[in-house]
$ cat target_12.txt   # compact mmCIF, C-alpha atoms
# COMPACT_ATOMS: atom_id res chain seq x y z
CA MET A 10 70.93 100.57 67.69
CA LYS A 11 74.69 100.52 67.28
CA THR A 12 76.62 99.25 70.30
CA TYR A 13 80.29 100.18 70.70
CA LYS A 14 82.59 97.94 72.72
CA ILE A 15 84.96 100.07 74.79
CA ALA A 16 87.96 98.77 76.74
CA ALA A 17 88.57 100.96 79.81
CA ILE A 18 92.07 100.93 81.31
CA GLY A 19 92.34 103.34 84.22
CA ALA A 20 95.89 102.18 85.05
CA ASP A 21 97.80 104.39 87.50
CA GLY A 22 97.43 107.39 89.82
CA ILE A 23 94.50 109.62 88.91
CA GLY A 24 93.89 107.55 85.78
CA PRO A 25 91.12 105.42 87.32
CA GLU A 26 89.51 108.55 88.82
CA VAL A 27 89.22 110.46 85.55
CA ILE A 28 88.28 107.40 83.49
CA THR A 29 85.49 106.59 85.96
CA ALA A 30 84.28 110.17 85.65
CA GLY A 31 84.50 109.95 81.85
CA LEU A 32 82.46 106.76 81.77
CA HIS A 33 79.71 108.39 83.84
CA VAL A 34 79.60 111.28 81.38
CA LEU A 35 79.60 108.93 78.39
CA ASP A 36 76.67 107.08 79.93
CA ALA A 37 74.77 110.36 80.12
CA VAL A 38 75.68 111.16 76.52
CA GLN A 39 74.49 107.80 75.18
CA LYS A 40 71.20 108.12 77.08
CA ARG A 41 70.71 111.68 75.85
CA ASP A 42 71.47 110.74 72.25
CA GLY A 43 69.50 107.50 72.14
CA GLY A 44 71.02 106.38 68.86
CA PHE A 45 73.87 104.26 70.19
CA ALA A 46 74.99 102.34 73.25
CA ILE A 47 78.38 101.83 74.89
CA ASP A 48 79.40 98.46 76.30
CA VAL A 49 82.37 98.93 78.65
CA THR A 50 84.82 96.27 79.81
CA ALA A 51 87.31 97.36 82.49
CA PHE A 52 90.88 96.04 82.70
CA ASP A 53 92.92 96.34 85.92
CA TRP A 54 96.28 96.58 84.17
CA GLY A 55 98.97 98.99 85.35
CA SER A 56 101.61 99.36 88.05
CA ASP A 57 99.61 97.53 90.73
CA TYR A 58 99.17 94.65 88.32
CA TYR A 59 102.94 94.76 87.70
CA LYS A 60 103.73 94.51 91.41
CA THR A 61 101.65 91.34 91.62
CA HIS A 62 102.39 89.69 88.27
CA GLY A 63 105.76 91.12 87.19
CA MET A 64 104.25 92.62 84.03
CA MET A 65 102.08 95.64 83.29
CA MET A 66 99.51 93.57 81.45
CA PRO A 67 99.15 89.89 80.51
CA GLU A 68 101.22 88.61 77.62
CA ASP A 69 98.05 88.25 75.57
CA GLY A 70 96.86 91.74 76.56
CA PRO A 71 96.88 93.12 73.02
CA ASP A 72 94.95 90.09 71.79
CA GLN A 73 92.32 90.74 74.47
CA LEU A 74 91.96 94.33 73.22
CA LYS A 75 91.70 93.61 69.49
CA PRO A 76 87.94 92.93 69.39
CA PHE A 77 87.10 96.34 70.90
CA ASP A 78 86.00 99.38 68.93
CA ALA A 79 88.13 101.74 71.03
CA ILE A 80 90.30 101.90 74.14
CA TYR A 81 89.72 104.52 76.86
CA PHE A 82 93.00 104.88 78.75
CA GLY A 83 93.81 106.79 81.95
CA ALA A 84 97.49 107.29 82.78
CA VAL A 85 100.56 105.18 83.33
CA GLY A 86 103.46 105.68 85.71
CA ALA A 87 104.14 105.13 89.41
CA PRO A 88 106.84 106.52 91.73
CA ASP A 89 107.98 103.06 92.80
CA VAL A 90 108.15 101.49 89.31
CA PRO A 91 110.76 102.67 86.76
CA ASP A 92 109.20 104.79 84.02
CA HIS A 93 110.64 102.71 81.18
CA ILE A 94 108.91 99.64 82.61
CA THR A 95 105.51 101.28 82.90
CA LEU A 96 105.66 102.94 79.49
CA TRP A 97 107.13 100.04 77.52
CA GLY A 98 105.04 97.55 79.44
CA LEU A 99 101.62 98.99 78.72
CA ARG A 100 101.08 102.12 76.66
CA LEU A 101 103.69 101.73 73.93
CA PRO A 102 102.92 98.06 73.16
CA ILE A 103 99.33 99.11 72.51
CA CYS A 104 100.24 102.17 70.42
CA GLN A 105 102.89 100.40 68.37
CA GLY A 106 101.27 96.97 68.30
CA PHE A 107 98.03 98.45 67.00
CA ASP A 108 99.82 100.77 64.56
CA GLN A 109 98.25 103.85 66.13
CA TYR A 110 100.64 106.00 64.18
CA ALA A 111 98.69 109.28 64.35
CA ASN A 112 98.66 110.88 67.78
CA VAL A 113 96.23 113.81 67.64
CA ARG A 114 96.37 116.44 70.38
CA PRO A 115 93.95 119.37 70.07
CA THR A 116 94.60 122.45 72.20
CA LYS A 117 92.38 125.42 72.91
CA ILE A 118 91.68 127.71 75.83
CA MET A 119 88.42 126.70 77.44
CA PRO A 120 85.97 129.45 78.43
CA GLY A 121 86.57 130.56 82.02
CA ILE A 122 90.15 129.29 82.14
CA LYS A 123 92.84 131.90 82.59
CA ALA A 124 95.77 131.07 80.33
CA PRO A 125 99.30 132.26 81.18
CA LEU A 126 99.95 134.23 77.98
CA ALA A 127 99.14 137.93 78.26
CA GLY A 128 96.35 139.04 75.97
CA VAL A 129 95.53 135.50 74.80
CA GLY A 130 92.16 133.99 75.63
CA PRO A 131 89.49 131.65 74.26
CA GLY A 132 89.51 131.70 70.47
CA ASP A 133 93.06 133.03 70.21
CA LEU A 134 94.78 129.67 70.67
CA ASP A 135 93.20 126.84 68.69
CA TRP A 136 95.71 124.22 67.59
CA VAL A 137 95.87 120.56 66.68
CA ILE A 138 99.25 118.89 67.09
CA VAL A 139 99.79 115.71 65.06
CA ARG A 140 102.49 113.53 66.55
CA GLU A 141 104.09 110.68 64.62
CA ASN A 142 103.39 107.86 67.04
CA SER A 143 105.08 104.71 65.77
CA GLU A 144 108.76 105.33 65.09
CA GLY A 145 111.25 108.20 65.28
CA GLU A 146 112.98 108.78 68.59
CA TYR A 147 110.79 106.24 70.44
CA SER A 148 111.50 103.29 68.19
CA GLY A 149 113.29 101.43 70.97
CA ASN A 150 116.28 100.78 68.72
CA GLY A 151 119.62 100.93 70.52
CA GLY A 152 121.33 99.40 73.49
CA ARG A 153 124.03 99.55 76.14
CA VAL A 154 127.40 97.83 76.27
CA HIS A 155 130.20 97.68 78.86
CA LYS A 156 127.74 98.51 81.65
CA GLY A 157 129.32 100.04 84.71
CA LEU A 158 132.72 100.51 83.08
CA PRO A 159 134.27 103.87 82.18
CA GLU A 160 133.84 103.05 78.50
CA GLU A 161 130.10 102.27 78.86
CA VAL A 162 128.14 103.28 75.77
CA ALA A 163 124.39 103.79 75.35
CA THR A 164 122.78 104.38 71.98
CA GLU A 165 119.24 105.50 71.20
CA VAL A 166 118.76 105.31 67.45
CA SER A 167 115.95 107.30 65.86
CA ILE A 168 114.29 105.40 63.03
CA PHE A 169 112.56 107.33 60.26
CA THR A 170 111.09 105.42 57.34
CA ARG A 171 109.68 106.87 54.15
CA VAL A 172 106.41 105.04 54.65
CA GLY A 173 106.16 106.24 58.26
CA VAL A 174 106.91 109.87 57.47
CA GLU A 175 104.73 110.00 54.37
CA ARG A 176 101.67 108.54 56.04
CA ILE A 177 101.80 110.91 59.02
CA MET A 178 102.41 113.83 56.66
CA ARG A 179 99.39 112.90 54.55
CA PHE A 180 97.30 112.55 57.70
CA ALA A 181 98.41 116.00 58.90
CA PHE A 182 97.81 117.70 55.54
CA ALA A 183 94.35 116.12 55.31
CA LEU A 184 93.53 117.26 58.84
CA ALA A 185 94.71 120.79 58.05
CA GLN A 186 92.60 120.69 54.89
CA SER A 187 89.51 119.88 56.98
CA ARG A 188 89.98 122.87 59.29
CA PRO A 189 88.85 126.41 58.43
CA ARG A 190 92.31 127.96 58.13
CA LYS A 191 93.77 125.12 56.00
CA PHE A 192 97.21 125.85 57.40
CA LEU A 193 99.93 123.42 58.49
CA THR A 194 103.28 123.92 60.20
CA VAL A 195 105.86 121.15 59.80
CA VAL A 196 108.33 120.96 62.71
CA THR A 197 111.77 119.38 62.37
CA LYS A 198 115.39 119.94 63.42
CA SER A 199 116.94 119.55 60.00
CA ASN A 200 119.77 122.00 60.57
CA ALA A 201 121.42 119.65 63.09
CA GLN A 202 119.81 116.28 62.31
CA ARG A 203 120.75 116.12 58.67
CA HIS A 204 119.49 112.66 57.74
CA GLY A 205 116.10 111.78 59.22
CA MET A 206 114.97 115.38 59.59
CA VAL A 207 116.05 116.38 56.11
CA MET A 208 113.99 113.45 54.82
CA TRP A 209 111.03 114.84 56.80
CA ASP A 210 111.44 118.19 55.05
CA GLU A 211 111.69 116.58 51.62
CA ILE A 212 108.65 114.35 52.11
CA ALA A 213 106.63 117.29 53.45
CA ALA A 214 107.30 119.17 50.21
CA GLU A 215 106.36 116.12 48.14
CA VAL A 216 103.07 115.55 49.98
CA ALA A 217 102.20 119.26 49.90
CA ALA A 218 101.91 119.04 46.13
CA ASP A 219 98.83 116.84 46.60
CA PHE A 220 97.16 119.43 48.85
CA PRO A 221 97.31 122.67 46.84
CA ASP A 222 94.61 124.30 48.98
CA VAL A 223 96.66 123.86 52.18
CA THR A 224 99.16 126.59 53.02
CA TRP A 225 102.15 125.31 54.95
CA ASP A 226 105.41 126.42 56.47
CA LYS A 227 108.15 124.75 58.49
CA MET A 228 109.94 125.51 61.74
CA LEU A 229 112.91 124.21 63.66
CA VAL A 230 111.67 122.77 66.92
CA ASP A 231 113.55 125.19 69.15
CA ALA A 232 112.23 128.18 67.22
CA MET A 233 108.77 126.62 67.43
CA THR A 234 108.72 126.99 71.22
CA VAL A 235 109.30 130.72 70.75
CA ARG A 236 106.55 131.01 68.13
CA MET A 237 104.07 129.11 70.31
CA THR A 238 104.59 131.52 73.20
CA LEU A 239 105.08 134.82 71.38
CA ASN A 240 102.84 134.39 68.33
CA PRO A 241 100.27 131.68 69.10
CA LYS A 242 97.67 133.08 66.69
CA SER A 243 100.02 132.30 63.78
CA LEU A 244 99.56 128.54 64.27
CA ASP A 245 96.77 126.09 63.50
CA THR A 246 97.67 122.49 62.60
CA ILE A 247 101.14 121.23 63.53
CA VAL A 248 102.96 118.00 62.67
CA ALA A 249 106.16 116.79 64.30
CA THR A 250 108.14 113.71 65.24
CA ASN A 251 107.40 111.44 68.16
CA LEU A 252 109.75 113.24 70.56
CA HIS A 253 109.30 116.79 69.32
CA ALA A 254 105.51 116.64 69.35
CA ASP A 255 105.54 114.95 72.76
CA ILE A 256 107.35 117.97 74.19
CA LEU A 257 105.50 120.63 72.20
CA SER A 258 102.09 119.25 73.14
CA ASP A 259 102.90 119.53 76.85
CA LEU A 260 103.90 123.14 76.24
CA ALA A 261 100.64 123.62 74.34
CA GLY A 262 98.64 122.22 77.27
CA ALA A 263 100.38 124.56 79.69
CA LEU A 264 99.75 127.54 77.41
CA ALA A 265 96.06 126.61 77.38
CA GLY A 266 96.01 126.76 81.18
CA SER A 267 96.65 123.22 82.41
CA LEU A 268 97.61 119.74 81.28
CA GLY A 269 94.40 118.75 83.03
CA VAL A 270 92.41 119.95 80.02
CA ALA A 271 94.58 118.39 77.28
CA PRO A 272 93.31 115.28 75.42
CA THR A 273 94.93 112.77 73.10
CA ALA A 274 93.77 110.36 70.43
CA ASN A 275 96.08 107.55 69.30
CA ILE A 276 94.60 106.77 65.91
CA ASN A 277 94.92 103.81 63.60
CA PRO A 278 93.49 105.65 60.57
CA GLU A 279 92.88 102.50 58.55
CA GLY A 280 90.70 100.98 61.28
CA SER A 281 92.54 97.67 61.22
CA PHE A 282 93.03 97.93 65.00
CA PRO A 283 91.19 99.82 67.75
CA SER A 284 92.35 103.35 68.46
CA MET A 285 93.14 104.55 71.99
CA PHE A 286 92.02 107.76 73.70
CA GLU A 287 93.68 109.25 76.77
CA PRO A 288 94.26 112.51 78.65
CA ILE A 289 97.91 113.60 78.56
CA HIS A 290 98.23 114.81 82.16
CA GLY A 291 99.93 111.69 83.49
CA SER A 292 99.30 109.77 86.69
CA ALA A 293 99.76 112.76 89.08
CA PHE A 294 100.36 110.73 92.22
CA ASP A 295 100.65 113.94 94.26
CA ILE A 296 96.87 114.43 94.03
CA THR A 297 95.75 110.80 93.71
CA GLY A 298 92.82 110.03 95.96
CA LYS A 299 92.18 113.66 96.88
CA GLY A 300 89.17 114.01 94.61
CA ILE A 301 90.52 117.09 92.82
CA ALA A 302 91.85 115.59 89.58
CA ASN A 303 90.72 117.59 86.57
CA PRO A 304 88.43 115.36 84.46
CA VAL A 305 88.11 117.81 81.55
CA ALA A 306 90.89 116.17 79.52
CA ALA A 307 89.23 112.78 79.99
CA PHE A 308 85.90 114.26 78.85
CA TRP A 309 87.48 115.90 75.83
CA THR A 310 89.24 112.72 74.80
CA ALA A 311 85.92 110.89 75.23
CA ALA A 312 84.51 113.37 72.72
CA GLN A 313 87.41 112.51 70.40
CA MET A 314 86.51 108.84 70.82
CA LEU A 315 82.87 109.50 69.92
CA GLU A 316 83.98 111.49 66.87
CA HIS A 317 86.25 108.63 65.78
CA LEU A 318 83.38 106.15 66.18
CA GLY A 319 81.25 108.27 63.87
CA GLU A 320 79.04 109.85 66.54
CA SER A 321 79.92 113.44 65.68
CA ASP A 322 76.69 114.96 67.06
CA ALA A 323 77.22 113.29 70.43
CA ALA A 324 80.87 114.37 70.42
CA SER A 325 79.88 117.97 69.76
CA ARG A 326 77.24 117.83 72.48
CA LEU A 327 79.76 116.55 75.03
CA LEU A 328 82.42 119.12 74.21
CA THR A 329 79.85 121.94 74.29
CA ALA A 330 78.70 120.75 77.72
CA VAL A 331 82.29 120.82 78.99
CA GLU A 332 82.78 124.36 77.68
CA GLU A 333 79.52 125.49 79.31
CA VAL A 334 80.62 124.10 82.68
CA CYS A 335 84.05 125.74 82.43
CA ALA A 336 82.41 129.05 81.52
CA LEU A 337 80.34 128.82 84.72
CA GLY A 338 83.56 128.58 86.73
CA ILE A 339 82.99 125.00 87.87
CA MET A 340 86.63 123.95 87.69
CA THR A 341 89.22 122.07 89.71
CA PRO A 342 92.11 123.78 91.57
CA ASP A 343 94.70 123.26 88.80
CA VAL A 344 92.86 125.87 86.71
CA GLY A 345 92.01 128.18 89.57
CA GLY A 346 88.72 126.66 90.69
CA THR A 347 87.51 125.10 93.92
CA ALA A 348 85.40 122.27 92.53
CA THR A 349 86.09 118.58 93.04
CA THR A 350 86.30 115.96 90.31
CA GLN A 351 82.77 114.90 91.24
CA ASP A 352 81.47 118.47 91.10
CA VAL A 353 82.75 118.93 87.55
CA THR A 354 81.46 115.53 86.51
CA ASP A 355 77.98 116.18 87.90
CA ALA A 356 77.86 119.60 86.23
CA VAL A 357 78.85 118.20 82.83
CA ILE A 358 76.25 115.43 83.14
CA ASP A 359 73.58 118.03 83.96
CA ALA A 360 74.70 120.11 80.96
CA VAL A 361 74.52 117.06 78.68
CA ARG A 362 71.03 116.21 79.90
CA GLY A 363 69.84 119.78 79.43
CA SER A 364 71.45 120.30 76.04
CA ASN A 365 69.27 121.53 73.21
CA LEU A 366 71.83 120.55 70.58
$ encode --input "target_12.txt" --output "structure tokens"
Amino acid sequence: MKTYKIAAIGADGIGPEVITAGLHVLDAVQKRDGGFAIDVTAFDWGSDYYKTHGMMMPEDGPDQLKPFDAIYFGAVGAPDVPDHITLWGLRLPICQGFDQYANVRPTKIMPGIKAPLAGVGPGDLDWVIVRENSEGEYSGNGGRVHKGLPEEVATEVSIFTRVGVERIMRFAFALAQSRPRKFLTVVTKSNAQRHGMVMWDEIAAEVAADFPDVTWDKMLVDAMTVRMTLNPKSLDTIVATNLHADILSDLAGALAGSLGVAPTANINPEGSFPSMFEPIHGSAFDITGKGIANPVAAFWTAAQMLEHLGESDAASRLLTAVEEVCALGIMTPDVGGTATTQDVTDAVIDAVRGSNL
């Protein structure tokens, strides 16, 4: 029997709540499947760790994570710790240090969830957003000089490399090729950003030649927000820069009904480092400890993790169980339900155990 070593980092806010729920569901999945086992090691890194140790994780944190097959991550961010410290102290060092350059964010409207767009329901909105996850606007290149003076200057330099753009473009075209519609939309802002974004457009055209069965088009990012809201059925697979896809994927989650159902996979496609899987809803300190955090995103990203590990049947079984529970109306308040986190978790576990798949 194959055993997968999973590093669990609940981190901040509702992160530990949804990761705990996800681990209970994964335990049910592994017992139901019988063909693999999951060995979980929990790490207490995050903002509380920072308040005690002055860092979000130990200096050798990445080295501790390297032997694992995957990382199951909750959320990072706390109201009393600056956001740039929490993000650059934990999540980004893992993503960038492990070259998890493909951030994959699927979006669809779950059965039973009322989405905000008129006339759009389950089956009408089924997207995968591919976010370049290693460079671009979040490269960390820049600085500040003359602090506090009238002539203070701050620069944030976006870094786009040919190797970085080409590899994410190839990943996105291959993903689009694997989906039924074989359709990709490339998002840039090349009318105003005439260097890096123009290179994105040029490389997209070059890579497209190697995928003749994939139809593709391109959009400016501002126009893309209009297309996502007014013509969602015209989209399927989407690729964009680190910043643009970060924003568009939050919009996508909202259009699907709630960020509480939106998952993320931070993939190192070559497998030279572990990949990391996380819900995108954030730490949500306003509901922390209330027992109403939506665990669906954590379950969905657990299914992504199983898929990445090669357990596609188990991944399908888990996602089907989640959809069955949503269809029954067992949902948390953020999507119009009255169930608690535990209620949803118990229902999904029961659905996994009773699955005939």
$ atom_distance --input "target_12.txt" --atom1 "atom CA of Phe45 of chain A" --atom2 "atom CA of Thr12 of chain A"
5.7 Å
$ residues_around --input "target_12.txt" --residues "Pro304 of chain A" --least-positions-apart "6" --cutoff "9 Å" --atoms "only C-alpha atoms" --output "JSON, numbers by chain"
{"A": [26, 27, 28, 30, 31, 269, 270, 288, 341, 350, 351, 353, 354]}
$ closest_atom_pairs --input "target_12.txt" --of "segment 238-318 of chain A" --to "segment 16-23 of chain A" --cutoff "9 Å" --atoms "only C-alpha atoms" --output "JSON lines"
{"residue": "A:Gly291", "atom": "CA", "partner": "A:Ile23", "partner_atom": "CA", "distance": 7.9}
{"residue": "A:Ser292", "atom": "CA", "partner": "A:Gly22", "partner_atom": "CA", "distance": 4.4}
{"residue": "A:Ala293", "atom": "CA", "partner": "A:Gly22", "partner_atom": "CA", "distance": 5.9}
{"residue": "A:Phe294", "atom": "CA", "partner": "A:Gly22", "partner_atom": "CA", "distance": 5.0}
{"residue": "A:Asp295", "atom": "CA", "partner": "A:Gly22", "partner_atom": "CA", "distance": 8.5}
{"residue": "A:Ile296", "atom": "CA", "partner": "A:Ile23", "partner_atom": "CA", "distance": 7.4}
{"residue": "A:Thr297", "atom": "CA", "partner": "A:Ile23", "partner_atom": "CA", "distance": 5.1}
{"residue": "A:Gly298", "atom": "CA", "partner": "A:Ile23", "partner_atom": "CA", "distance": 7.3}
{"residue": "A:Gly300", "atom": "CA", "partner": "A:Ile23", "partner_atom": "CA", "distance": 9.0}
{"residue": "A:Ala302", "atom": "CA", "partner": "A:Ile23", "partner_atom": "CA", "distance": 6.6}
$ closest_residue --input "target_12.txt" --among "A:Ala249, A:Met119, A:Met64, A:Leu244" --to "Phe192 of chain A" --atoms "all atoms listed in the file"
A:Leu244
$ residues_around --input "target_12.txt" --residues "segment 355-364 of chain A" --least-positions-apart "2" --cutoff "7 Å" --atoms "all atoms listed in the file" --output "PyMOL selection string"
chain A and resi 34+37-38+41+326-327+330-331+334+351-353+366
$ residues_around --input "target_12.txt" --residues "Glu211 of chain A" --least-positions-apart "6" --cutoff "12 Å" --atoms "only C-alpha atoms" --output "PyMOL selection string"
chain A and resi 171+174-175+178+195+197+199+203-205+217-218+227
$ write_last_selection --input "target_12.txt" --atoms "C-alpha atoms" --output "PDB file, keeping the file's coordinate frame"
ATOM      1  CA  ARG A 171     109.680 106.870  54.150  1.00  0.00           C
ATOM      2  CA  VAL A 174     106.910 109.870  57.470  1.00  0.00           C
ATOM      3  CA  GLU A 175     104.730 110.000  54.370  1.00  0.00           C
ATOM      4  CA  MET A 178     102.410 113.830  56.660  1.00  0.00           C
ATOM      5  CA  VAL A 195     105.860 121.150  59.800  1.00  0.00           C
ATOM      6  CA  THR A 197     111.770 119.380  62.370  1.00  0.00           C
ATOM      7  CA  SER A 199     116.940 119.550  60.000  1.00  0.00           C
ATOM      8  CA  ARG A 203     120.750 116.120  58.670  1.00  0.00           C
ATOM      9  CA  HIS A 204     119.490 112.660  57.740  1.00  0.00           C
ATOM     10  CA  GLY A 205     116.100 111.780  59.220  1.00  0.00           C
ATOM     11  CA  ALA A 217     102.200 119.260  49.900  1.00  0.00           C
ATOM     12  CA  ALA A 218     101.910 119.040  46.130  1.00  0.00           C
ATOM     13  CA  LYS A 227     108.150 124.750  58.490  1.00  0.00           C
TER      14      LYS A 227
END
$ closest_residue --input "target_12.txt" --among "A:Tyr13, A:Lys117, A:Met228, A:Val235" --to "Asp78 of chain A" --atoms "all atoms listed in the file"
A:Tyr13
$ closest_residue --input "target_12.txt" --among "A:Gly151, A:Pro115, A:Gly44, A:Pro25" --to "Ser321 of chain A" --atoms "all atoms listed in the file"
A:Gly44
$ residues_around --input "target_12.txt" --residues "Leu318 of chain A" --least-positions-apart "2" --cutoff "10 Å" --atoms "all atoms listed in the file" --output "JSON, numbers by chain"
{"A": [13, 78, 79, 284, 312, 313, 314, 315, 316, 320, 321, 324]}
$ write_last_selection --input "target_12.txt" --atoms "C-alpha atoms" --output "PDB file, in the coordinates of the input"
ATOM      1  CA  TYR A  13      80.290 100.180  70.700  1.00  0.00           C
ATOM      2  CA  ASP A  78      86.000  99.380  68.930  1.00  0.00           C
ATOM      3  CA  ALA A  79      88.130 101.740  71.030  1.00  0.00           C
ATOM      4  CA  SER A 284      92.350 103.350  68.460  1.00  0.00           C
ATOM      5  CA  ALA A 312      84.510 113.370  72.720  1.00  0.00           C
ATOM      6  CA  GLN A 313      87.410 112.510  70.400  1.00  0.00           C
ATOM      7  CA  MET A 314      86.510 108.840  70.820  1.00  0.00           C
ATOM      8  CA  LEU A 315      82.870 109.500  69.920  1.00  0.00           C
ATOM      9  CA  GLU A 316      83.980 111.490  66.870  1.00  0.00           C
ATOM     10  CA  GLU A 320      79.040 109.850  66.540  1.00  0.00           C
ATOM     11  CA  SER A 321      79.920 113.440  65.680  1.00  0.00           C
ATOM     12  CA  ALA A 324      80.870 114.370  70.420  1.00  0.00           C
TER      13      ALA A 324
END
$ residues_around --input "target_12.txt" --residues "Phe180 of chain A" --least-positions-apart "2" --cutoff "10 Å" --atoms "only C-alpha atoms" --output "PyMOL selection string"
chain A and resi 110-111+139+141+174-178+182-186+248+278
$ atom_distance --input "target_12.txt" --atom1 "atom CA of Ile168 of chain A" --atom2 "atom CA of Gly145 of chain A"
4.7 Å
$ atom_distance --input "target_12.txt" --atom1 "atom CA of Leu126 of chain A" --atom2 "atom CA of Thr238 of chain A"
7.2 Å
$ closest_residue --input "target_12.txt" --among "A:Asp135, A:Asp108, A:Tyr59, A:Glu68" --to "Gly280 of chain A" --atoms "only C-alpha atoms"
A:Asp108
$ closest_residue --input "target_12.txt" --among "A:Met65, A:Val305, A:Met10, A:Val196" --to "Thr349 of chain A" --atoms "all atoms listed in the file"
A:Val305
$ closest_residue --input "target_12.txt" --among "A:Met285, A:Thr95, A:Gln105, A:Val154" --to "Tyr58 of chain A" --atoms "all atoms listed in the file"
A:Thr95
$ axis_aligned_box --input "target_12.txt" --around "segment 49-54 of chain A" --padding-each-side "4 Å" --output "JSON"
{"center_x": 89.3, "center_y": 97.5, "center_z": 82.3, "size_x": 21.9, "size_y": 10.9, "size_z": 15.3}
$ residues_near_point --input "target_12.txt" --point "(101.0, 99.0, 91.2)" --cutoff "8 Å" --atoms "all atoms listed in the file" --output "PDB file with C-alpha atoms, keeping the file's coordinate frame"
ATOM      1  CA  ASP A  21      97.800 104.390  87.500  1.00  0.00           C
ATOM      2  CA  GLY A  55      98.970  98.990  85.350  1.00  0.00           C
ATOM      3  CA  SER A  56     101.610  99.360  88.050  1.00  0.00           C
ATOM      4  CA  ASP A  57      99.610  97.530  90.730  1.00  0.00           C
ATOM      5  CA  TYR A  58      99.170  94.650  88.320  1.00  0.00           C
ATOM      6  CA  TYR A  59     102.940  94.760  87.700  1.00  0.00           C
ATOM      7  CA  LYS A  60     103.730  94.510  91.410  1.00  0.00           C
ATOM      8  CA  THR A  61     101.650  91.340  91.620  1.00  0.00           C
ATOM      9  CA  ALA A  87     104.140 105.130  89.410  1.00  0.00           C
ATOM     10  CA  VAL A  90     108.150 101.490  89.310  1.00  0.00           C
TER      11      VAL A  90
END
$ decode --input "target_12.txt" --residues "segment 119-139 of chain A" --atoms "C-alpha atoms" --output "JSON list (two decimals), in the first residue's frame"
[["chain", "number", "residue", "atom", "x", "y", "z"],
["A", 119, "MET", "CA", -21.82, 23.73, -6.67],
["A", 120, "PRO", "CA", -25.29, 22.16, -6.71],
["A", 121, "GLY", "CA", -27.58, 23.88, -4.22],
["A", 122, "ILE", "CA", -25.55, 27.09, -4.09],
["A", 123, "LYS", "CA", -27.24, 30.21, -5.36],
["A", 124, "ALA", "CA", -24.76, 32.23, -7.39],
["A", 125, "PRO", "CA", -25.17, 36.01, -7.79],
["A", 126, "LEU", "CA", -25.36, 36.10, -11.59],
["A", 127, "ALA", "CA", -28.90, 36.06, -12.97],
["A", 128, "GLY", "CA", -29.67, 32.99, -15.03],
["A", 129, "VAL", "CA", -26.36, 31.28, -14.24],
["A", 130, "GLY", "CA", -26.33, 28.05, -12.27],
["A", 131, "PRO", "CA", -24.47, 24.75, -11.92],
["A", 132, "GLY", "CA", -22.92, 23.75, -15.24],
["A", 133, "ASP", "CA", -22.98, 27.27, -16.66],
["A", 134, "LEU", "CA", -19.79, 28.45, -14.96],
["A", 135, "ASP", "CA", -16.95, 25.92, -15.09],
["A", 136, "TRP", "CA", -13.53, 27.55, -15.21],
["A", 137, "VAL", "CA", -9.93, 26.81, -14.30],
["A", 138, "ILE", "CA", -7.73, 29.84, -13.70],
["A", 139, "VAL", "CA", -3.98, 29.25, -14.05]]
